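Here is the file entry_14.cif (mmCIF, C-alpha atoms (C1' of nucleotides)).
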```cif
data_entry
#
loop_
_atom_site.label_atom_id
_atom_site.label_comp_id
_atom_site.auth_asym_id
_atom_site.auth_seq_id
_atom_site.Cartn_x
_atom_site.Cartn_y
_atom_site.Cartn_z
CA MET A 1 21.38 -72.18 -35.11
CA LYS A 2 18.74 -69.69 -34.25
CA ASN A 3 17.89 -69.87 -30.57
CA THR A 4 15.20 -67.27 -31.08
CA ASP A 5 12.98 -70.16 -32.10
CA HIS A 6 12.35 -71.20 -28.53
CA ILE A 7 9.60 -68.69 -28.10
CA PRO A 8 6.98 -70.17 -25.78
CA GLN A 9 4.06 -70.70 -28.09
CA ASN A 10 2.11 -72.99 -25.85
CA ALA A 11 0.20 -70.03 -24.48
CA ALA A 12 -1.38 -68.83 -27.68
CA SER A 13 -3.45 -66.07 -26.12
CA VAL A 14 -0.64 -64.50 -24.14
CA ARG A 15 1.66 -63.69 -26.98
CA ALA A 16 3.23 -60.25 -27.06
CA LEU A 17 1.43 -57.31 -28.60
CA ASP A 18 2.75 -56.44 -32.03
CA ALA A 19 2.57 -53.10 -33.82
CA ILE A 20 -0.81 -53.89 -35.37
CA ASP A 21 -2.28 -54.81 -31.98
CA ARG A 22 -1.11 -51.52 -30.55
CA LYS A 23 -2.57 -49.61 -33.45
CA ILE A 24 -5.90 -51.38 -33.02
CA LEU A 25 -5.86 -50.60 -29.31
CA GLY A 26 -4.97 -46.99 -30.01
CA GLU A 27 -7.93 -46.59 -32.34
CA LEU A 28 -10.43 -48.36 -30.12
CA GLY A 29 -9.21 -46.47 -27.08
CA ARG A 30 -10.09 -43.27 -28.89
CA ASP A 31 -13.31 -44.43 -30.56
CA ALA A 32 -14.83 -47.84 -30.02
CA THR A 33 -17.68 -47.21 -32.45
CA LEU A 34 -15.38 -47.81 -35.39
CA SER A 35 -16.57 -50.63 -37.61
CA PHE A 36 -14.26 -53.52 -38.29
CA SER A 37 -14.18 -52.53 -41.93
CA ASP A 38 -12.93 -49.06 -41.01
CA LEU A 39 -10.47 -50.50 -38.56
CA SER A 40 -9.23 -53.07 -41.03
CA GLN A 41 -8.22 -50.56 -43.67
CA ARG A 42 -6.57 -48.34 -41.07
CA VAL A 43 -4.30 -51.13 -39.97
CA GLY A 44 -3.97 -52.75 -43.38
CA LEU A 45 -5.68 -56.07 -42.67
CA SER A 46 -8.98 -57.68 -43.58
CA ALA A 47 -12.00 -57.26 -41.36
CA PRO A 48 -12.12 -60.86 -40.05
CA ALA A 49 -8.43 -60.70 -39.19
CA VAL A 50 -8.99 -57.57 -37.12
CA HIS A 51 -12.04 -59.17 -35.58
CA GLU A 52 -9.97 -62.14 -34.52
CA ARG A 53 -7.34 -59.91 -32.95
CA VAL A 54 -9.90 -57.85 -31.05
CA LYS A 55 -11.49 -61.02 -29.74
CA ARG A 56 -8.09 -62.20 -28.58
CA LEU A 57 -7.31 -58.85 -26.95
CA LYS A 58 -10.60 -58.97 -25.07
CA ALA A 59 -10.05 -62.53 -23.93
CA ALA A 60 -6.55 -61.65 -22.76
CA GLY A 61 -7.93 -58.75 -20.74
CA VAL A 62 -6.02 -56.08 -22.61
CA ILE A 63 -9.38 -54.64 -23.55
CA LYS A 64 -11.24 -54.72 -20.26
CA ARG A 65 -14.55 -53.39 -21.52
CA THR A 66 -16.01 -50.77 -23.80
CA VAL A 67 -18.11 -48.03 -22.28
CA ALA A 68 -19.85 -44.80 -23.10
CA ILE A 69 -18.07 -41.79 -21.61
CA LEU A 70 -20.67 -39.56 -20.01
CA ASP A 71 -20.55 -35.85 -19.29
CA GLY A 72 -20.57 -35.16 -15.56
CA PRO A 73 -22.12 -31.68 -15.67
CA ALA A 74 -24.84 -32.85 -18.05
CA LEU A 75 -25.78 -35.42 -15.43
CA GLY A 76 -25.79 -32.82 -12.70
CA LYS A 77 -22.40 -33.76 -11.27
CA THR A 78 -20.67 -30.43 -11.43
CA LEU A 79 -18.12 -30.89 -8.69
CA LEU A 80 -15.01 -33.03 -9.11
CA ALA A 81 -12.65 -33.56 -6.21
CA PHE A 82 -9.77 -35.69 -5.04
CA VAL A 83 -9.96 -36.70 -1.41
CA HIS A 84 -6.84 -37.85 0.40
CA VAL A 85 -7.70 -40.00 3.37
CA ASP A 86 -5.32 -40.45 6.26
CA THR A 87 -6.06 -43.43 8.47
CA THR A 88 -4.77 -45.06 11.60
CA GLY A 89 -3.33 -48.41 10.66
CA TRP A 90 -3.68 -49.72 7.16
CA GLY A 91 -6.28 -47.91 5.11
CA LYS A 92 -7.78 -50.75 3.16
CA THR A 93 -10.64 -51.67 5.45
CA ALA A 94 -13.93 -53.17 4.38
CA ALA A 95 -15.80 -50.14 5.64
CA LEU A 96 -13.79 -47.84 3.42
CA MET A 97 -14.08 -50.10 0.41
CA ALA A 98 -17.84 -50.14 0.93
CA LEU A 99 -17.84 -46.54 -0.25
CA ALA A 100 -17.25 -47.94 -3.72
CA LYS A 101 -20.96 -48.63 -3.91
CA LEU A 102 -21.61 -44.90 -4.11
CA PRO A 103 -21.77 -43.93 -7.78
CA GLU A 104 -20.16 -40.62 -6.90
CA VAL A 105 -16.93 -42.40 -6.02
CA GLU A 106 -15.05 -43.12 -9.22
CA GLU A 107 -11.63 -44.17 -8.04
CA ILE A 108 -9.99 -45.54 -4.91
CA HIS A 109 -6.25 -46.10 -4.73
CA SER A 110 -3.90 -47.01 -1.94
CA ALA A 111 -1.04 -44.59 -2.16
CA THR A 112 2.40 -43.71 -0.93
CA GLY A 113 3.16 -40.29 0.44
CA ASP A 114 1.62 -38.61 3.43
CA THR A 115 -1.76 -40.22 2.87
CA CYS A 116 -3.16 -43.72 2.72
CA LEU A 117 -6.01 -43.51 0.27
CA ILE A 118 -6.75 -41.34 -2.71
CA MET A 119 -10.33 -41.09 -3.88
CA LYS A 120 -11.67 -39.43 -6.97
CA VAL A 121 -15.25 -38.30 -6.42
CA ARG A 122 -17.76 -36.46 -8.60
CA VAL A 123 -20.79 -34.99 -6.88
CA ALA A 124 -23.72 -32.74 -7.61
CA SER A 125 -23.00 -30.01 -5.11
CA SER A 126 -20.82 -28.88 -2.26
CA GLU A 127 -23.52 -30.21 0.06
CA ALA A 128 -23.16 -33.63 -1.50
CA LEU A 129 -19.40 -33.42 -1.04
CA GLU A 130 -19.97 -32.54 2.59
CA GLY A 131 -22.23 -35.55 2.89
CA LEU A 132 -19.54 -37.77 1.46
CA LEU A 133 -16.90 -36.43 3.80
CA SER A 134 -19.34 -36.93 6.64
CA GLN A 135 -19.68 -40.57 5.69
CA LEU A 136 -15.91 -40.83 5.48
CA TYR A 137 -15.40 -39.58 9.02
CA ASP A 138 -17.97 -42.07 10.23
CA VAL A 139 -15.65 -44.86 9.17
CA ASP A 140 -13.55 -46.22 11.99
CA GLY A 141 -9.88 -45.47 11.58
CA VAL A 142 -10.21 -42.37 9.47
CA ARG A 143 -7.93 -39.79 11.01
CA SER A 144 -8.18 -36.91 8.58
CA THR A 145 -8.96 -36.02 5.00
CA ARG A 146 -7.64 -33.43 2.63
CA THR A 147 -9.81 -32.42 -0.30
CA TYR A 148 -8.64 -30.94 -3.57
CA VAL A 149 -11.48 -29.55 -5.62
CA ALA A 150 -10.94 -29.43 -9.36
CA LEU A 151 -11.61 -25.91 -10.60
CA SER A 152 -11.27 -26.89 -14.22
CA THR A 153 -10.34 -30.04 -16.07
CA HIS A 154 -7.92 -29.58 -18.94
CA LEU A 155 -7.45 -33.22 -19.81
CA GLU A 156 -9.32 -36.34 -18.86
CA ARG A 157 -8.96 -39.59 -20.75
CA THR A 158 -8.53 -43.29 -20.17
CA VAL A 159 -5.43 -45.46 -20.51
CA GLN A 160 -3.66 -44.76 -23.78
CA ALA A 161 -2.06 -47.53 -25.78
CA ASP A 162 0.94 -45.48 -26.86
CA ILE A 163 4.18 -44.97 -24.98
CA SER A 164 6.10 -41.79 -25.62
CA ASP A 165 9.62 -42.12 -26.94
CA GLU A 166 11.03 -39.58 -24.49
CA LEU A 167 9.92 -41.48 -21.43
CA ALA A 168 10.58 -44.96 -22.73
CA LEU A 169 14.18 -44.90 -21.50
CA GLY A 170 13.91 -42.62 -18.54
CA PRO A 171 15.16 -39.04 -18.20
CA HIS A 172 17.10 -38.09 -21.28
CA ILE A 173 20.59 -36.69 -21.19
CA LYS A 174 20.78 -33.02 -21.91
CA MET B 1 -32.70 -16.59 -45.36
CA LYS B 2 -33.81 -19.12 -42.83
CA ASN B 3 -32.48 -17.97 -39.50
CA THR B 4 -34.18 -20.84 -37.76
CA ASP B 5 -31.37 -23.11 -38.92
CA HIS B 6 -28.79 -22.24 -36.32
CA ILE B 7 -31.10 -21.83 -33.41
CA PRO B 8 -29.52 -23.71 -30.53
CA GLN B 9 -31.88 -26.58 -29.87
CA ASN B 10 -32.76 -25.33 -26.42
CA ALA B 11 -36.39 -26.25 -26.31
CA ALA B 12 -36.47 -29.36 -28.45
CA SER B 13 -33.44 -31.55 -27.81
CA VAL B 14 -32.19 -30.14 -24.53
CA ARG B 15 -35.09 -31.36 -22.55
CA ALA B 16 -34.40 -32.78 -19.14
CA LEU B 17 -33.22 -36.35 -18.76
CA ASP B 18 -36.04 -38.64 -17.73
CA ALA B 19 -35.82 -41.96 -15.92
CA ILE B 20 -35.48 -43.93 -19.15
CA ASP B 21 -32.63 -41.73 -20.34
CA ARG B 22 -30.80 -42.29 -17.08
CA LYS B 23 -31.30 -46.02 -17.32
CA ILE B 24 -29.97 -46.04 -20.86
CA LEU B 25 -26.96 -44.01 -19.76
CA GLY B 26 -26.38 -46.32 -16.83
CA GLU B 27 -26.34 -49.37 -19.08
CA LEU B 28 -24.14 -47.82 -21.75
CA GLY B 29 -21.77 -46.45 -19.16
CA ARG B 30 -21.26 -50.00 -17.96
CA ASP B 31 -21.24 -51.75 -21.34
CA ALA B 32 -21.49 -49.90 -24.61
CA THR B 33 -21.43 -53.10 -26.68
CA LEU B 34 -25.08 -53.75 -25.86
CA SER B 35 -27.25 -53.99 -28.93
CA PHE B 36 -30.24 -51.72 -29.26
CA SER B 37 -32.52 -54.73 -29.05
CA ASP B 38 -30.96 -55.73 -25.73
CA LEU B 39 -31.13 -52.17 -24.49
CA SER B 40 -34.70 -51.76 -25.63
CA GLN B 41 -36.06 -54.65 -23.61
CA ARG B 42 -34.09 -53.56 -20.54
CA VAL B 43 -35.73 -50.15 -20.57
CA GLY B 44 -39.08 -51.30 -21.89
CA LEU B 45 -39.09 -49.52 -25.22
CA SER B 46 -38.70 -50.53 -28.84
CA ALA B 47 -35.29 -50.58 -30.47
CA PRO B 48 -35.84 -47.56 -32.75
CA ALA B 49 -37.11 -45.50 -29.82
CA VAL B 50 -33.95 -46.26 -27.86
CA HIS B 51 -31.88 -45.56 -30.93
CA GLU B 52 -33.50 -42.15 -31.23
CA ARG B 53 -32.80 -41.36 -27.58
CA VAL B 54 -29.18 -42.42 -27.79
CA LYS B 55 -28.73 -40.28 -30.89
CA ARG B 56 -30.22 -37.34 -29.01
CA LEU B 57 -28.01 -37.96 -25.97
CA LYS B 58 -24.93 -38.02 -28.17
CA ALA B 59 -25.94 -34.84 -29.97
CA ALA B 60 -26.57 -33.13 -26.66
CA GLY B 61 -23.12 -34.13 -25.44
CA VAL B 62 -24.36 -36.22 -22.54
CA ILE B 63 -22.61 -39.15 -24.19
CA LYS B 64 -19.25 -37.68 -25.09
CA ARG B 65 -17.80 -40.72 -26.84
CA THR B 66 -17.53 -44.47 -26.50
CA VAL B 67 -14.14 -46.01 -25.94
CA ALA B 68 -12.44 -49.28 -25.18
CA ILE B 69 -11.05 -49.37 -21.63
CA LEU B 70 -7.54 -50.79 -21.80
CA ASP B 71 -5.51 -52.53 -19.13
CA GLY B 72 -2.47 -50.49 -18.12
CA PRO B 73 -0.26 -53.36 -16.94
CA ALA B 74 -1.04 -55.38 -20.07
CA LEU B 75 0.29 -52.46 -22.08
CA GLY B 76 3.40 -52.23 -19.95
CA LYS B 77 2.23 -49.28 -17.90
CA THR B 78 2.60 -50.68 -14.42
CA LEU B 79 3.03 -47.48 -12.48
CA LEU B 80 0.16 -45.13 -11.71
CA ALA B 81 0.78 -41.86 -9.92
CA PHE B 82 -0.82 -38.56 -9.06
CA VAL B 83 1.50 -35.59 -9.34
CA HIS B 84 0.65 -32.36 -7.58
CA VAL B 85 2.36 -29.42 -9.21
CA ASP B 86 3.01 -26.21 -7.35
CA THR B 87 3.74 -23.24 -9.56
CA THR B 88 4.64 -19.59 -9.24
CA GLY B 89 1.75 -17.54 -10.55
CA TRP B 90 -1.15 -19.24 -12.24
CA GLY B 91 -0.50 -22.81 -13.22
CA LYS B 92 -2.30 -23.03 -16.50
CA THR B 93 0.52 -22.14 -18.86
CA ALA B 94 0.86 -23.34 -22.42
CA ALA B 95 4.07 -25.15 -21.55
CA LEU B 96 2.33 -27.19 -18.87
CA MET B 97 -0.65 -27.94 -21.06
CA ALA B 98 1.75 -29.17 -23.75
CA LEU B 99 2.41 -32.16 -21.49
CA ALA B 100 -1.04 -33.36 -22.51
CA LYS B 101 0.53 -34.64 -25.70
CA LEU B 102 2.32 -37.33 -23.70
CA PRO B 103 0.12 -40.45 -23.72
CA GLU B 104 1.32 -41.18 -20.20
CA VAL B 105 -0.54 -38.13 -18.91
CA GLU B 106 -4.18 -39.05 -18.49
CA GLU B 107 -5.60 -36.16 -16.52
CA ILE B 108 -4.77 -32.53 -15.79
CA HIS B 109 -6.88 -30.50 -13.40
CA SER B 110 -6.52 -27.06 -11.88
CA ALA B 111 -7.18 -27.49 -8.20
CA THR B 112 -7.76 -25.75 -4.94
CA GLY B 113 -5.72 -26.59 -1.90
CA ASP B 114 -1.99 -26.29 -1.45
CA THR B 115 -1.28 -27.10 -5.07
CA CYS B 116 -2.12 -25.64 -8.43
CA LEU B 117 -2.27 -28.61 -10.76
CA ILE B 118 -3.14 -32.26 -10.30
CA MET B 119 -1.96 -34.72 -12.90
CA LYS B 120 -2.78 -38.38 -13.24
CA VAL B 121 0.01 -40.21 -15.00
CA ARG B 122 0.56 -43.85 -15.92
CA VAL B 123 4.05 -44.88 -16.90
CA ALA B 124 6.04 -48.00 -17.65
CA SER B 125 8.66 -47.67 -14.92
CA SER B 126 10.06 -45.53 -12.17
CA GLU B 127 12.61 -44.31 -14.68
CA ALA B 128 9.83 -43.12 -16.94
CA LEU B 129 8.23 -41.35 -13.99
CA GLU B 130 11.55 -39.71 -13.27
CA GLY B 131 11.70 -38.64 -16.90
CA LEU B 132 8.28 -37.12 -16.64
CA LEU B 133 9.14 -35.22 -13.47
CA SER B 134 12.31 -34.05 -15.15
CA GLN B 135 10.24 -32.60 -17.98
CA LEU B 136 7.95 -30.99 -15.43
CA TYR B 137 10.79 -29.18 -13.71
CA ASP B 138 11.98 -27.94 -17.09
CA VAL B 139 8.77 -25.97 -17.40
CA ASP B 140 9.11 -22.35 -16.37
CA GLY B 141 7.21 -21.49 -13.22
CA VAL B 142 7.16 -24.98 -11.72
CA ARG B 143 8.17 -24.56 -8.12
CA SER B 144 7.74 -28.03 -6.72
CA THR B 145 5.94 -31.29 -7.22
CA ARG B 146 4.59 -33.90 -4.87
CA THR B 147 4.06 -37.39 -6.19
CA TYR B 148 1.66 -40.00 -4.83
CA VAL B 149 2.30 -43.43 -6.28
CA ALA B 150 -0.68 -45.77 -6.38
CA LEU B 151 0.25 -49.02 -4.68
CA SER B 152 -2.98 -50.71 -5.64
CA THR B 153 -6.15 -49.63 -7.34
CA HIS B 154 -9.36 -50.78 -5.68
CA LEU B 155 -11.79 -48.95 -7.92
CA GLU B 156 -11.41 -47.19 -11.23
CA ARG B 157 -14.35 -46.31 -13.42
CA THR B 158 -15.73 -43.49 -15.48
CA VAL B 159 -18.58 -41.09 -14.72
CA GLN B 160 -21.62 -42.95 -13.45
CA ALA B 161 -25.12 -41.92 -14.42
CA ASP B 162 -26.63 -42.61 -11.01
CA ILE B 163 -26.78 -40.30 -8.05
CA SER B 164 -26.94 -41.84 -4.60
CA ASP B 165 -29.91 -41.01 -2.44
CA GLU B 166 -27.81 -40.31 0.63
CA LEU B 167 -25.77 -37.60 -1.01
CA ALA B 168 -28.54 -36.07 -3.06
CA LEU B 169 -29.60 -33.74 -0.25
CA GLY B 170 -26.39 -33.29 1.63
CA PRO B 171 -25.26 -34.61 5.02
CA HIS B 172 -28.36 -33.72 6.97
CA ILE B 173 -30.17 -37.00 6.68
CA LYS B 174 -28.70 -39.84 8.61
"C1'" DA C 1 -4.90 -64.10 -43.03
"C1'" DT C 2 -8.19 -63.89 -46.94
"C1'" DT C 3 -12.49 -64.69 -49.37
"C1'" DG C 4 -17.43 -65.54 -49.65
"C1'" DA C 5 -21.85 -66.35 -47.36
"C1'" DA C 6 -25.22 -66.27 -43.80
"C1'" DA C 7 -27.26 -64.19 -39.69
"C1'" DC C 8 -27.79 -60.30 -37.11
"C1'" DG C 9 -28.33 -55.64 -35.83
"C1'" DA C 10 -28.60 -50.73 -37.17
"C1'" DC C 11 -31.35 -47.45 -39.12
"C1'" DC C 12 -34.86 -45.33 -42.29
"C1'" DA C 13 -39.80 -44.54 -43.48
"C1'" DG C 14 -44.62 -44.43 -42.55
"C1'" DG C 15 -48.60 -44.70 -39.34
"C1'" DC C 16 -50.67 -44.64 -34.58
"C1'" DG C 17 -51.65 -42.99 -29.75
"C1'" DC D 1 -44.48 -35.19 -30.46
"C1'" DG D 2 -42.73 -39.52 -29.29
"C1'" DC D 3 -43.34 -44.40 -29.88
"C1'" DC D 4 -44.21 -48.60 -32.56
"C1'" DT D 5 -44.21 -51.88 -36.91
"C1'" DG D 6 -42.19 -53.37 -41.14
"C1'" DG D 7 -38.42 -53.21 -44.40
"C1'" DT D 8 -33.69 -52.37 -46.22
"C1'" DC D 9 -29.01 -52.17 -45.89
"C1'" DG D 10 -24.62 -52.49 -43.77
"C1'" DT D 11 -21.97 -55.07 -40.53
"C1'" DT D 12 -20.53 -58.75 -37.91
"C1'" DT D 13 -19.05 -63.32 -37.91
"C1'" DC D 14 -18.52 -68.09 -39.42
"C1'" DA D 15 -16.64 -71.69 -42.56
"C1'" DA D 16 -13.41 -73.01 -46.00
"C1'" DT D 17 -9.37 -71.99 -48.71
#
```

Can I see the file as structure tokens?
Amino acid sequence: MKNTDHIPQNAASVRALDAIDRKILGELGRDATLSFSDLSQRVGLSAPAVHERVKRLKAAGVIKRTVAILDGPALGKTLLAFVHVDTTGWGKTAALMALAKLPEVEEIHSATGDTCLIMKVRVASSEALEGLLSQLYDVDGVRSTRTYVALSTHLERTVQADISDELALGPHIK
Amino acid sequence: MKNTDHIPQNAASVRALDAIDRKILGELGRDATLSFSDLSQRVGLSAPAVHERVKRLKAAGVIKRTVAILDGPALGKTLLAFVHVDTTGWGKTAALMALAKLPEVEEIHSATGDTCLIMKVRVASSEALEGLLSQLYDVDGVRSTRTYVALSTHLERTVQADISDELALGPHIK
DNA sequence: ATTGAAACGACCAGGCG
DNA sequence: CGCCTGGTCGTTTCAAT
């Protein structure tokens, strides 16, 4: 008797990602302009089959959206920085989250360590960065900030579909 | 011999971005699946005209690529962290840059402040993070690391085309 | 999941402001 | 020189096997 048959199939859209799904995600994560015909022969399926899978992956939220990656400097945003914000009390206040409306603010995370909030910001100039920090200190509860300016970016990409073998099982034995 | 062939297109295609270009970039940065017909009526131009502009923006490198944004947790990567790496000497060694081959490493920046390198990593577990840190300490010249684990992510997006009015001129205007 | 067919969008050419 | 109109072709996407 095979008890592996009791796989919950009632939730059709939440079934586990197989190897083909991961390969599709890997390709689209690198280049979303690929046609379904190109994709199909890379993964060894027909175009409609791949189309069906992509639709499923989008519906399931695995593919959140597809966007054009823009060049900061070309848009005049030459300065990238990470700002660590130390607050009194818990950092996630509405006033702080309101900073998300600024297009210069790209990321906001609550974090462990000696800081409460980590922001990734990309601005046009040091003056603009100063303006942002000025707005930060205007927020009630902001105790201090520490800013790390990126001098050069050696790698910058979005979530990758792959998982490295070395890290899959933790620190390897030497 | 036609030496006009490899003239860098300074005058012709590297002309400044106008308002329509910025609007196009704004839309595509949010959703690159838009059809040219949709785009065209949003910016008030014909489809071929928009097509021409997008082609120019890609050639100029303003649009670097278009990718599918994937969901980390859905792929099993539930742990996001920023690792600050302190090194002896200058941080940008080949051994450190080799870590870019790990799909878990999403960003590597050289930075000012009390650290040399900032890495953004997304891993499947705390064990995987430990494995990554273990590899880091194996690299010659790595003195210490400080890790900030993201407890929750309130905002995470790519480079935005817009520039906020408040920051455009620095902190002087209130 | 595959095949075939229909609808749509991308993309090229020529002409106008 | 950049934009618009018409036309062609490839692609997406649906229906049936």

C-alpha RMSD, in-order pairing, chain A superimposed onto chain B: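 In short, the RMSD is 5.1 Å.
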
Å distance separating atom CA of A:Leu79 from atom CA of A:Val149, one decimal place: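 Computing it gives 7.4 Å between the two atoms.
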
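Residues from chain B found within 10 Å of chain D are Leu45, Ser46, Ala47, Pro48, Ala49, Val50 and Glu52 of chain B, counting all atoms listed in the file.
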
Sorted per-residue table, chain C near chain A, closest atoms and distance, 12 Å, all atoms listed in the file, as JSON lines:
```
{"residue": "C:DA1", "atom": "C1'", "partner": "A:Ala49", "partner_atom": "CA", "distance": 6.2}
{"residue": "C:DT2", "atom": "C1'", "partner": "A:Ser46", "partner_atom": "CA", "distance": 7.1}
{"residue": "C:DT3", "atom": "C1'", "partner": "A:Ser46", "partner_atom": "CA", "distance": 9.7}
{"residue": "C:DG4", "atom": "C1'", "partner": "A:Pro48", "partner_atom": "CA", "distance": 11.9}
```

d(atom CA of A:Val121, atom CA of A:Phe82) in Å: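 Computing the Euclidean distance for atom CA of A:Val121 and atom CA of A:Phe82 yields 6.2 Å.
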
Expected answer as a ChimeraX atom specification: chain B residues within 7 Å of chain A, all atoms listed in the file: /B:28-33,61-72,74-75,100,102-104,106-113,127-128,130-132,134,148-164,167-171

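For the pair atom CA of A:Ile20 and atom CA of A:Val54, the interatomic distance is 10.8 Å.
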
Ground truth for the PyMOL selection byres ((chain C and resi 9) around 8), written as number ranges by chain: B: 35-36; C: 8, 10; D: 11

Residues selected by the PyMOL selection byres ((chain B and resi 142) around 12), written as a PyMOL selection string: chain B and resi 84-93+95-96+115-117+133-141+143-146

Centre and size of axis-aligned box enclosing stretch 163-169 of chain B plus 8 Å each side, as AutoDock Vina command-line options:
```
--center_x -27.8 --center_y -37.8 --center_z -3.7 --size_x 20.1 --size_y 24.1 --size_z 24.7
```

Write out as a PDB file with C-alpha atoms, in the coordinates of the input which residues come within 9 Å of B:Ile24 when counting all atoms listed in the file, dropping same-chain ones fewer than 6 positions away.
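What landed in around13.pdb:
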```
ATOM      1  CA  LEU B  39     -31.130 -52.170 -24.490  1.00  0.00           C
ATOM      2  CA  SER B  40     -34.700 -51.760 -25.630  1.00  0.00           C
ATOM      3  CA  ARG B  42     -34.090 -53.560 -20.540  1.00  0.00           C
ATOM      4  CA  VAL B  43     -35.730 -50.150 -20.570  1.00  0.00           C
ATOM      5  CA  VAL B  50     -33.950 -46.260 -27.860  1.00  0.00           C
ATOM      6  CA  ARG B  53     -32.800 -41.360 -27.580  1.00  0.00           C
ATOM      7  CA  VAL B  54     -29.180 -42.420 -27.790  1.00  0.00           C
TER       8      VAL B  54
END
```
